[in-house]
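Asks: The following block contains the structure, expressed as structure tokens.
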Number of protein chains: 2
Amino acid sequence: MIISVIPTAQQAQDIDFGGKVAVVIDVLRATSVITTALENGAREVVPVKTIEEAQSLYAQLEPTMTLRGGERHALKIEGFDLSNSPLEYKKKTVDGKTLILTTTNGTNAINNVKGADEVVLACFRNAEAVVRHLIETSQCGVSTNIIIVCAGTEGRFSLDDGLCAGMIIELLKQKTEVETDDFGLLLNRFYSESKSNLFGVLSECYHLKRLFMLGFYDDIKFCLETHCTETVPILKDGKIVKL
Amino acid sequence: MIISVIPTAQQAQDIDFGGKVAVVIDVLRATSVITTALENGAREVVPVKTIEEAQSLYAQLEPTMTLRGGERHALKIEGFDLSNSPLEYKKKTVDGKTLILTTTNGTNAINNVKGADEVVLACFRNAEAVVRHLIETSQCGVSTNIIIVCAGTEGRFSLDDGLCAGMIIELLKQKTEVETDDFGLLLNRFYSESKSNLFGVLSECYHLKRLFMLGFYDDIKFCLETHCTETVPILKDGKIVKL
């Protein structure tokens with residue numbers, strides 16, 4: 001398996017994903033939100049870039065079966081149903097619904113990798129399930145050339161995404177032969193040395209500190225929990241569904 | 001002091017360097033070559049992007065006082081005087097001369113940060129001197145906002161440059177209060193855990209492996225030596241000179 005890691009959503013724009021599997025990570029909080037929504041029964045998640053796109057799509061769908069979620073500057077968008085807190089995406093709220101989601105970093109990253117043979121969404125909560133899926137598909141003739149895209153924050157690399165990438169590389173290495181680029185090497189080593197204390201090593205991470213200051217302590221705690229779900233979100237015809 | 005780190009020369013293109021100090025690192029081998037050339041008496045180094053630019057500039061200068069150096073695909077350029085091996089830039093060869101240099105990554109990185117208030121070139125050999133200079137200038141009213149640009153290899157992040165960035169951050173932290181972005185945080189931590197064995201931790205680095213396979217063992221060894229010189233190359237009117 002050949003793995004390379006891209007530090008930000010923006011850089012993914014310049015990459016040719018043809019013949020490759022893309023794994024998108026936005027720990028705080030888009031991929032954690034999407035994983036949780038699908039785990040709790042959401043029918044599908046449609047990632048869109050702008051608030052206008054979200055509203056326009058919402059107008060075309062059945063309102064009782066559709067929710068608009070996401071954030072700008074980490075906060076709920078005016079007129080939307082849900083914010084970007086995974087804790088809001090409970091079964092009673094999302095079950096059977098279509099979710100239209102727009103966030104600053106994560107949904108951009110997903111839209112930037114659409115040329116890939118397969119797009120998988122990962123976070124700490126589903127990392128083990130994602131790894132199992134990548135191993136299985138690599139044995140079924142799907143590409144063994146993986147590009148992990150860390151969504152980042154405001155165009156900059158974010159340590160939480162990097163740590164999750166390092167974890168996925170470590171878990172893959174336990175099951176198969178893995179060759180990584182230098183950035184993957186760095187993140188894997190960082191994860192290996194930090195895994196007993198994820199919260200501690202991320203305490204200086206810019207994005208985590210910002211969410212902490214905004215009062216999202218419970219969100220952070222939830223997003224840093226590992227191996228909680230078997231849900232693997234994948235992109236299919238522009239929509240994210242549960243595998 | 002506020003420090004951010006850019007993983008590749010290419011990404012530096014999108015950054016506004018106004019009001020900031022740029023520190024460019026291309027350990028293997030451009031900034032090691034430039035530091036060595038200036039240490040050994042070269043009058044100035046002119047970084048150019050293309051071979052054609054190098055030849056055109058050479059034609060306008062006094063040939064007995066000018067040298068053309070650099071590489072393509074890590075090898076000497078046909079018709080040039082010197083390759084990209086720092087070991088060739090001895091006093092008897094470069095003393096008093098103007099050096100026109102074109103390399104795949106390093107000279108591009110230098111050209112991409114020209115908008116900075118000051119451009120400083122760093123490598124393992126002069127890291128301590130560079131840090132001393134940054135501390136001094138920050139006390140003289142020059143910006144305390146530093147952007148370290150890792151040149152990278154073929155558009156990708158290179159671990160040797162990252163490790164040197166981590167070392168510079170560590171040395172700065174010993175002398176002043178430092179705030180870094182997430183990437184700087186990661187590299188600083190990586191350096192702290194690797195400093196007793198630079199050669200070992202870089203053994204899987206793509207660029208180092210490639211140069212090793214091409215037989216450049218002595219170059220690698222030379223470029224990974226630390227704190228060997230007081231030479232700090234800075235950019236002045238498009239030319240690199242010794243501070």
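Chain labels follow the order of the structure tokens: the first chain is A, the next B, and so on; residue numbering restarts at 1 in every chain, and ligands are counted from 1 in their shown order.
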Please identify all residues of chain A having at least one atom at most 6 Å from any atom of chain B, considering only C-alpha atoms, and return them as a ChimeraX atom specification.

Replies: /A:158-159,182,205

Asks: Where does chain B end up after superposition onto chain A over all in-order Cα pairs? Give it as an mmCIF file with C-alpha atoms, in the first residue's frame.

Replies:
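Dumped everything to selection_36.cif:
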```cif
data_model
loop_
_atom_site.group_PDB
_atom_site.id
_atom_site.type_symbol
_atom_site.label_atom_id
_atom_site.label_comp_id
_atom_site.auth_asym_id
_atom_site.auth_seq_id
_atom_site.Cartn_x
_atom_site.Cartn_y
_atom_site.Cartn_z
ATOM 1 C CA MET B 1 -0.013 -0.021 0.014
ATOM 2 C CA ILE B 2 1.326 3.385 -0.963
ATOM 3 C CA ILE B 3 0.168 6.274 1.218
ATOM 4 C CA SER B 4 0.714 9.986 0.816
ATOM 5 C CA VAL B 5 -0.700 12.721 3.013
ATOM 6 C CA ILE B 6 -1.844 16.203 1.939
ATOM 7 C CA PRO B 7 -1.739 18.827 4.732
ATOM 8 C CA THR B 8 -4.752 20.943 3.674
ATOM 9 C CA ALA B 9 -7.965 20.853 1.647
ATOM 10 C CA GLN B 10 -6.589 23.644 -0.561
ATOM 11 C CA GLN B 11 -3.575 21.595 -1.666
ATOM 12 C CA ALA B 12 -5.857 18.751 -2.689
ATOM 13 C CA GLN B 13 -7.047 20.976 -5.550
ATOM 14 C CA ASP B 14 -3.753 20.482 -7.405
ATOM 15 C CA ILE B 15 -3.640 16.689 -7.032
ATOM 16 C CA ASP B 16 -4.719 14.166 -9.646
ATOM 17 C CA PHE B 17 -6.771 11.626 -7.687
ATOM 18 C CA GLY B 18 -7.415 9.373 -10.690
ATOM 19 C CA GLY B 19 -6.728 5.718 -9.861
ATOM 20 C CA LYS B 20 -6.436 6.507 -6.154
ATOM 21 C CA VAL B 21 -8.482 6.203 -2.981
ATOM 22 C CA ALA B 22 -8.941 9.476 -1.068
ATOM 23 C CA VAL B 23 -9.383 9.457 2.709
ATOM 24 C CA VAL B 24 -10.648 12.826 3.969
ATOM 25 C CA ILE B 25 -10.117 13.777 7.619
ATOM 26 C CA ASP B 26 -11.640 16.761 9.415
ATOM 27 C CA VAL B 27 -11.645 15.639 13.036
ATOM 28 C CA LEU B 28 -12.915 18.980 14.381
ATOM 29 C CA ARG B 29 -15.612 18.530 13.262
ATOM 30 C CA ALA B 30 -16.999 17.776 9.766
ATOM 31 C CA THR B 31 -16.011 14.120 9.338
ATOM 32 C CA SER B 32 -16.933 13.417 12.985
ATOM 33 C CA VAL B 33 -20.344 15.016 12.322
ATOM 34 C CA ILE B 34 -20.928 13.063 9.100
ATOM 35 C CA THR B 35 -19.876 9.764 10.664
ATOM 36 C CA THR B 36 -22.191 10.372 13.628
ATOM 37 C CA ALA B 37 -25.122 11.455 11.448
ATOM 38 C CA LEU B 38 -24.871 8.331 9.265
ATOM 39 C CA GLU B 39 -24.366 6.117 12.315
ATOM 40 C CA ASN B 40 -27.599 7.539 13.750
ATOM 41 C CA GLY B 41 -29.614 6.773 10.652
ATOM 42 C CA ALA B 42 -29.290 9.793 8.342
ATOM 43 C CA ARG B 43 -30.128 8.616 4.809
ATOM 44 C CA GLU B 44 -27.362 10.633 3.132
ATOM 45 C CA VAL B 45 -25.226 13.733 3.556
ATOM 46 C CA VAL B 46 -24.834 16.202 0.697
ATOM 47 C CA PRO B 47 -21.656 18.295 1.117
ATOM 48 C CA VAL B 48 -21.934 21.760 -0.470
ATOM 49 C CA LYS B 49 -19.467 24.648 -0.584
ATOM 50 C CA THR B 50 -21.717 27.661 0.077
ATOM 51 C CA ILE B 51 -24.707 28.618 2.210
ATOM 52 C CA GLU B 52 -26.516 29.668 -0.982
ATOM 53 C CA GLU B 53 -26.022 26.204 -2.507
ATOM 54 C CA ALA B 54 -27.367 24.645 0.690
ATOM 55 C CA GLN B 55 -30.490 26.844 0.650
ATOM 56 C CA SER B 56 -31.074 26.333 -3.057
ATOM 57 C CA LEU B 57 -30.841 22.534 -2.718
ATOM 58 C CA TYR B 58 -33.078 22.598 0.394
ATOM 59 C CA ALA B 59 -35.757 24.445 -1.608
ATOM 60 C CA GLN B 60 -35.880 21.528 -4.094
ATOM 61 C CA LEU B 61 -36.275 18.792 -1.442
ATOM 62 C CA GLU B 62 -39.049 17.686 0.893
ATOM 63 C CA PRO B 63 -38.560 19.960 3.947
ATOM 64 C CA THR B 64 -39.837 17.459 6.526
ATOM 65 C CA MET B 65 -37.171 14.963 5.380
ATOM 66 C CA THR B 66 -34.274 17.409 4.983
ATOM 67 C CA LEU B 67 -31.949 19.143 7.452
ATOM 68 C CA ARG B 68 -29.433 21.922 6.880
ATOM 69 C CA GLY B 69 -26.303 21.713 9.019
ATOM 70 C CA GLY B 70 -22.853 23.244 9.237
ATOM 71 C CA GLU B 71 -20.950 26.273 10.448
ATOM 72 C CA ARG B 72 -19.264 29.525 9.596
ATOM 73 C CA HIS B 73 -16.579 30.716 12.025
ATOM 74 C CA ALA B 74 -17.367 27.534 14.038
ATOM 75 C CA LEU B 75 -20.928 28.752 14.770
ATOM 76 C CA LYS B 76 -24.393 27.692 13.532
ATOM 77 C CA ILE B 77 -25.515 29.312 10.286
ATOM 78 C CA GLU B 78 -28.578 31.591 10.577
ATOM 79 C CA GLY B 79 -31.741 29.826 9.473
ATOM 80 C CA PHE B 80 -30.108 26.366 9.487
ATOM 81 C CA ASP B 81 -31.493 23.440 11.492
ATOM 82 C CA LEU B 82 -28.263 22.191 13.034
ATOM 83 C CA SER B 83 -24.798 23.517 13.872
ATOM 84 C CA ASN B 84 -21.518 21.631 13.371
ATOM 85 C CA SER B 85 -21.671 19.916 16.757
ATOM 86 C CA PRO B 86 -21.783 16.114 16.362
ATOM 87 C CA LEU B 87 -23.754 15.958 19.640
ATOM 88 C CA GLU B 88 -26.778 17.491 17.871
ATOM 89 C CA TYR B 89 -26.943 14.705 15.286
ATOM 90 C CA LYS B 90 -28.936 12.258 17.451
ATOM 91 C CA LYS B 91 -31.090 9.407 16.087
ATOM 92 C CA LYS B 92 -34.357 11.187 16.909
ATOM 93 C CA THR B 93 -33.196 14.199 14.884
ATOM 94 C CA VAL B 94 -31.490 12.700 11.824
ATOM 95 C CA ASP B 95 -33.039 9.233 11.331
ATOM 96 C CA GLY B 96 -34.086 8.743 7.694
ATOM 97 C CA LYS B 97 -33.288 12.351 6.775
ATOM 98 C CA THR B 98 -31.173 13.916 4.045
ATOM 99 C CA LEU B 99 -28.598 16.245 5.551
ATOM 100 C CA ILE B 100 -27.231 19.181 3.539
ATOM 101 C CA LEU B 101 -23.926 20.167 5.119
ATOM 102 C CA THR B 102 -21.635 23.154 4.542
ATOM 103 C CA THR B 103 -18.538 23.777 6.658
ATOM 104 C CA THR B 104 -15.443 25.939 6.232
ATOM 105 C CA ASN B 105 -12.885 23.169 5.736
ATOM 106 C CA GLY B 106 -14.272 19.631 5.691
ATOM 107 C CA THR B 107 -16.914 19.887 2.964
ATOM 108 C CA ASN B 108 -14.409 21.769 0.785
ATOM 109 C CA ALA B 109 -11.900 18.947 1.206
ATOM 110 C CA ILE B 110 -14.557 16.416 0.151
ATOM 111 C CA ASN B 111 -15.436 18.448 -2.923
ATOM 112 C CA ASN B 112 -11.751 18.752 -3.879
ATOM 113 C CA VAL B 113 -11.147 14.992 -4.075
ATOM 114 C CA LYS B 114 -14.109 14.036 -6.233
ATOM 115 C CA GLY B 115 -11.839 12.655 -8.987
ATOM 116 C CA ALA B 116 -10.733 9.759 -6.763
ATOM 117 C CA ASP B 117 -11.776 6.152 -7.497
ATOM 118 C CA GLU B 118 -13.251 6.077 -4.006
ATOM 119 C CA VAL B 119 -13.679 8.757 -1.329
ATOM 120 C CA VAL B 120 -13.787 7.598 2.294
ATOM 121 C CA LEU B 121 -14.352 9.865 5.313
ATOM 122 C CA ALA B 122 -12.410 9.283 8.501
ATOM 123 C CA CYS B 123 -12.127 10.602 12.039
ATOM 124 C CA PHE B 124 -10.852 9.197 15.334
ATOM 125 C CA ARG B 125 -14.258 7.611 16.047
ATOM 126 C CA ASN B 126 -14.247 5.378 12.944
ATOM 127 C CA ALA B 127 -10.510 5.064 12.158
ATOM 128 C CA GLU B 128 -10.397 1.323 12.861
ATOM 129 C CA ALA B 129 -13.433 0.653 10.640
ATOM 130 C CA VAL B 130 -11.947 2.804 7.855
ATOM 131 C CA VAL B 131 -8.696 0.837 8.024
ATOM 132 C CA ARG B 132 -10.579 -2.459 7.858
ATOM 133 C CA HIS B 133 -12.425 -1.169 4.776
ATOM 134 C CA LEU B 134 -9.199 -0.002 3.085
ATOM 135 C CA ILE B 135 -7.590 -3.399 3.648
ATOM 136 C CA GLU B 136 -10.650 -5.215 2.313
ATOM 137 C CA THR B 137 -10.991 -3.084 -0.814
ATOM 138 C CA SER B 138 -7.263 -3.317 -1.552
ATOM 139 C CA GLN B 139 -7.721 -7.095 -1.631
ATOM 140 C CA CYS B 140 -10.637 -6.747 -4.088
ATOM 141 C CA GLY B 141 -8.731 -4.932 -6.812
ATOM 142 C CA VAL B 142 -9.539 -1.356 -5.699
ATOM 143 C CA SER B 143 -6.460 0.877 -5.769
ATOM 144 C CA THR B 144 -3.791 0.384 -3.102
ATOM 145 C CA ASN B 145 -2.661 3.929 -3.734
ATOM 146 C CA ILE B 146 -4.139 6.004 -0.903
ATOM 147 C CA ILE B 147 -4.076 9.775 -0.498
ATOM 148 C CA ILE B 148 -5.060 10.999 2.945
ATOM 149 C CA VAL B 149 -6.304 14.600 2.827
ATOM 150 C CA CYS B 150 -6.180 16.500 6.112
ATOM 151 C CA ALA B 151 -8.831 19.218 5.790
ATOM 152 C CA GLY B 152 -6.958 21.762 7.924
ATOM 153 C CA THR B 153 -8.247 25.020 9.371
ATOM 154 C CA GLU B 154 -8.438 28.274 7.442
ATOM 155 C CA GLY B 155 -6.041 26.966 4.806
ATOM 156 C CA ARG B 156 -3.438 25.791 7.324
ATOM 157 C CA PHE B 157 -2.464 22.319 8.509
ATOM 158 C CA SER B 158 -4.290 21.282 11.682
ATOM 159 C CA LEU B 159 -2.641 18.937 14.181
ATOM 160 C CA ASP B 160 -5.838 17.034 15.061
ATOM 161 C CA ASP B 161 -6.272 15.920 11.440
ATOM 162 C CA GLY B 162 -2.569 15.044 11.227
ATOM 163 C CA LEU B 163 -2.694 12.921 14.365
ATOM 164 C CA CYS B 164 -5.676 10.995 12.985
ATOM 165 C CA ALA B 165 -3.793 10.453 9.694
ATOM 166 C CA GLY B 166 -0.846 9.119 11.729
ATOM 167 C CA MET B 167 -3.188 6.745 13.544
ATOM 168 C CA ILE B 168 -4.656 5.401 10.285
ATOM 169 C CA ILE B 169 -1.148 4.780 8.914
ATOM 170 C CA GLU B 170 -0.168 2.971 12.115
ATOM 171 C CA LEU B 171 -3.268 0.753 11.995
ATOM 172 C CA LEU B 172 -2.652 -0.033 8.308
ATOM 173 C CA LYS B 173 0.970 -0.929 9.051
ATOM 174 C CA GLN B 174 -0.236 -3.495 11.575
ATOM 175 C CA LYS B 175 -2.136 -5.281 8.791
ATOM 176 C CA THR B 176 -0.181 -4.797 5.579
ATOM 177 C CA GLU B 177 3.038 -3.514 4.055
ATOM 178 C CA VAL B 178 2.910 0.277 3.844
ATOM 179 C CA GLU B 179 5.106 2.810 2.068
ATOM 180 C CA THR B 180 4.466 6.470 2.932
ATOM 181 C CA ASP B 181 5.739 9.842 1.772
ATOM 182 C CA ASP B 182 7.758 12.033 4.159
ATOM 183 C CA PHE B 183 4.680 13.747 5.574
ATOM 184 C CA GLY B 184 3.043 10.391 6.313
ATOM 185 C CA LEU B 185 6.280 9.226 7.938
ATOM 186 C CA LEU B 186 6.304 12.302 10.190
ATOM 187 C CA LEU B 187 2.637 11.955 11.200
ATOM 188 C CA ASN B 188 2.915 8.236 11.843
ATOM 189 C CA ARG B 189 5.898 8.780 14.123
ATOM 190 C CA PHE B 190 4.073 11.629 15.896
ATOM 191 C CA TYR B 191 1.032 9.433 16.506
ATOM 192 C CA SER B 192 3.155 6.516 17.767
ATOM 193 C CA GLU B 193 4.716 8.771 20.361
ATOM 194 C CA SER B 194 1.461 10.506 21.341
ATOM 195 C CA LYS B 195 -1.197 7.815 21.311
ATOM 196 C CA SER B 196 -1.379 7.376 25.068
ATOM 197 C CA ASN B 197 -2.287 11.051 25.492
ATOM 198 C CA LEU B 198 -4.167 12.404 22.446
ATOM 199 C CA PHE B 199 -5.864 15.143 24.446
ATOM 200 C CA GLY B 200 -2.592 16.312 25.969
ATOM 201 C CA VAL B 201 -0.563 16.514 22.759
ATOM 202 C CA LEU B 202 -3.375 18.407 21.054
ATOM 203 C CA SER B 203 -3.690 20.957 23.860
ATOM 204 C CA GLU B 204 -1.612 23.474 21.876
ATOM 205 C CA CYS B 205 -3.377 22.785 18.569
ATOM 206 C CA TYR B 206 -4.792 26.064 17.210
ATOM 207 C CA HIS B 207 -8.186 24.722 16.165
ATOM 208 C CA LEU B 208 -8.721 22.789 19.393
ATOM 209 C CA LYS B 209 -7.810 25.834 21.494
ATOM 210 C CA ARG B 210 -10.233 27.954 19.466
ATOM 211 C CA LEU B 211 -13.149 25.533 19.892
ATOM 212 C CA PHE B 212 -12.283 25.208 23.593
ATOM 213 C CA MET B 213 -12.480 28.989 23.999
ATOM 214 C CA LEU B 214 -15.868 28.985 22.256
ATOM 215 C CA GLY B 215 -17.110 26.503 24.881
ATOM 216 C CA PHE B 216 -17.135 23.349 22.720
ATOM 217 C CA TYR B 217 -15.408 21.157 25.292
ATOM 218 C CA ASP B 218 -17.944 18.308 24.963
ATOM 219 C CA ASP B 219 -17.587 18.350 21.162
ATOM 220 C CA ILE B 220 -13.807 18.079 21.411
ATOM 221 C CA LYS B 221 -14.038 15.207 23.882
ATOM 222 C CA PHE B 222 -16.517 13.383 21.604
ATOM 223 C CA CYS B 223 -14.370 13.915 18.483
ATOM 224 C CA LEU B 224 -11.221 12.586 20.178
ATOM 225 C CA GLU B 225 -12.821 9.311 21.259
ATOM 226 C CA THR B 226 -11.364 6.425 19.264
ATOM 227 C CA HIS B 227 -12.877 3.308 17.708
ATOM 228 C CA CYS B 228 -16.509 3.998 18.640
ATOM 229 C CA THR B 229 -18.303 3.037 15.455
ATOM 230 C CA GLU B 230 -18.293 0.717 12.467
ATOM 231 C CA THR B 231 -19.719 3.456 10.227
ATOM 232 C CA VAL B 232 -17.617 4.195 7.140
ATOM 233 C CA PRO B 233 -18.965 7.147 5.120
ATOM 234 C CA ILE B 234 -18.218 7.006 1.388
ATOM 235 C CA LEU B 235 -19.018 9.391 -1.442
ATOM 236 C CA LYS B 236 -21.437 8.047 -4.075
ATOM 237 C CA ASP B 237 -22.759 10.235 -6.911
ATOM 238 C CA GLY B 238 -21.948 13.423 -4.980
ATOM 239 C CA LYS B 239 -23.666 12.244 -1.798
ATOM 240 C CA ILE B 240 -22.127 10.683 1.301
ATOM 241 C CA VAL B 241 -23.702 7.430 2.396
ATOM 242 C CA LYS B 242 -22.945 4.696 4.901
ATOM 243 C CA LEU B 243 -20.990 1.864 3.318
#
```

Asks: Give the strand (DSSP E or B) residues of region 6-231 of chain A, as assigned by DSSP on the backbone, as a PyMOL selection string.

Replies: chain A and resi 6+21-25+44-47+66-70+72+75+82+98-102+118-122+145-150+153+156+179-180

Asks: Produce a file of the selected residues containing N, CA and C atoms, as a tab-separated table (two decimals), in the first residue's frame.

Replies:
```tsv
chain	number	residue	atom	x	y	z
A	6	ILE	N	-1.77	14.80	2.36
A	6	ILE	CA	-1.84	16.20	1.93
A	6	ILE	C	-2.25	17.03	3.15
A	21	VAL	N	-7.45	6.10	-4.02
A	21	VAL	CA	-8.49	6.20	-2.98
A	21	VAL	C	-8.16	7.42	-2.13
A	22	ALA	N	-9.16	8.31	-1.94
A	22	ALA	CA	-8.95	9.48	-1.08
A	22	ALA	C	-9.60	9.23	0.28
A	23	VAL	N	-8.84	9.52	1.34
A	23	VAL	CA	-9.39	9.46	2.71
A	23	VAL	C	-9.37	10.89	3.25
A	24	VAL	N	-10.56	11.44	3.50
A	24	VAL	CA	-10.66	12.82	3.96
A	24	VAL	C	-10.85	12.85	5.48
A	25	ILE	N	-10.04	13.66	6.15
A	25	ILE	CA	-10.12	13.77	7.61
A	25	ILE	C	-10.37	15.22	8.00
A	44	GLU	N	-28.50	10.20	3.94
A	44	GLU	CA	-27.36	10.63	3.14
A	44	GLU	C	-26.96	12.03	3.58
A	45	VAL	N	-25.72	12.38	3.26
A	45	VAL	CA	-25.23	13.73	3.56
A	45	VAL	C	-24.75	14.34	2.24
A	46	VAL	N	-25.26	15.52	1.93
A	46	VAL	CA	-24.83	16.19	0.71
A	46	VAL	C	-23.90	17.35	1.10
A	47	PRO	N	-22.60	17.22	0.75
A	47	PRO	CA	-21.65	18.29	1.13
A	47	PRO	C	-21.68	19.41	0.08
A	66	THR	N	-35.58	16.80	5.29
A	66	THR	CA	-34.27	17.41	4.99
A	66	THR	C	-33.81	18.33	6.13
A	67	LEU	N	-32.53	18.26	6.43
A	67	LEU	CA	-31.94	19.14	7.45
A	67	LEU	C	-30.76	19.89	6.85
A	68	ARG	N	-30.61	21.15	7.28
A	68	ARG	CA	-29.43	21.92	6.87
A	68	ARG	C	-28.51	22.07	8.08
A	69	GLY	N	-27.25	21.65	7.91
A	69	GLY	CA	-26.30	21.73	9.03
A	69	GLY	C	-24.99	22.35	8.58
A	70	GLY	N	-24.17	22.73	9.57
A	70	GLY	CA	-22.85	23.26	9.25
A	70	GLY	C	-22.45	24.42	10.11
A	72	ARG	N	-20.18	28.51	10.07
A	72	ARG	CA	-19.26	29.53	9.59
A	72	ARG	C	-18.63	30.14	10.84
A	75	LEU	N	-19.58	28.61	14.18
A	75	LEU	CA	-20.92	28.78	14.76
A	75	LEU	C	-22.02	28.40	13.77
A	82	LEU	N	-29.25	22.77	12.12
A	82	LEU	CA	-28.25	22.21	13.03
A	82	LEU	C	-26.92	22.93	12.87
A	98	THR	N	-32.28	13.44	4.88
A	98	THR	CA	-31.17	13.91	4.05
A	98	THR	C	-30.57	15.13	4.75
A	99	LEU	N	-29.25	15.13	4.89
A	99	LEU	CA	-28.58	16.26	5.55
A	99	LEU	C	-27.76	17.03	4.52
A	100	ILE	N	-28.04	18.32	4.41
A	100	ILE	CA	-27.22	19.19	3.56
A	100	ILE	C	-26.22	19.88	4.47
A	101	LEU	N	-24.94	19.69	4.20
A	101	LEU	CA	-23.91	20.18	5.13
A	101	LEU	C	-22.93	21.12	4.43
A	102	THR	N	-22.67	22.26	5.06
A	102	THR	CA	-21.63	23.16	4.55
A	102	THR	C	-20.77	23.64	5.71
A	118	GLU	N	-12.35	6.18	-5.15
A	118	GLU	CA	-13.26	6.07	-4.00
A	118	GLU	C	-12.90	7.16	-3.00
A	119	VAL	N	-13.92	7.74	-2.38
A	119	VAL	CA	-13.69	8.76	-1.34
A	119	VAL	C	-14.26	8.23	-0.03
A	120	VAL	N	-13.40	8.11	0.98
A	120	VAL	CA	-13.78	7.59	2.30
A	120	VAL	C	-13.58	8.71	3.32
A	121	LEU	N	-14.49	8.82	4.29
A	121	LEU	CA	-14.36	9.87	5.31
A	121	LEU	C	-13.95	9.25	6.64
A	122	ALA	N	-12.94	9.86	7.26
A	122	ALA	CA	-12.41	9.28	8.49
A	122	ALA	C	-12.30	10.31	9.61
A	145	ASN	N	-3.32	2.63	-3.78
A	145	ASN	CA	-2.65	3.92	-3.73
A	145	ASN	C	-3.59	4.91	-3.02
A	146	ILE	N	-3.24	5.24	-1.77
A	146	ILE	CA	-4.14	6.00	-0.92
A	146	ILE	C	-3.61	7.42	-0.72
A	147	ILE	N	-4.47	8.40	-0.87
A	147	ILE	CA	-4.08	9.77	-0.51
A	147	ILE	C	-4.95	10.23	0.65
A	148	ILE	N	-4.33	10.48	1.79
A	148	ILE	CA	-5.06	11.00	2.94
A	148	ILE	C	-5.03	12.53	2.87
A	149	VAL	N	-6.22	13.13	2.89
A	149	VAL	CA	-6.31	14.60	2.83
A	149	VAL	C	-6.74	15.12	4.20
A	150	CYS	N	-5.84	15.83	4.86
A	150	CYS	CA	-6.18	16.50	6.11
A	150	CYS	C	-6.87	17.82	5.72
A	153	THR	N	-7.44	23.93	8.84
A	153	THR	CA	-8.26	25.03	9.37
A	153	THR	C	-7.83	26.33	8.72
A	156	ARG	N	-4.70	26.25	6.69
A	156	ARG	CA	-3.46	25.80	7.33
A	156	ARG	C	-3.61	24.39	7.87
A	179	GLU	N	4.04	1.86	2.42
A	179	GLU	CA	5.11	2.81	2.08
A	179	GLU	C	4.49	4.20	2.11
A	180	THR	N	5.07	5.13	2.86
A	180	THR	CA	4.48	6.46	2.94
A	180	THR	C	5.45	7.52	2.43
```
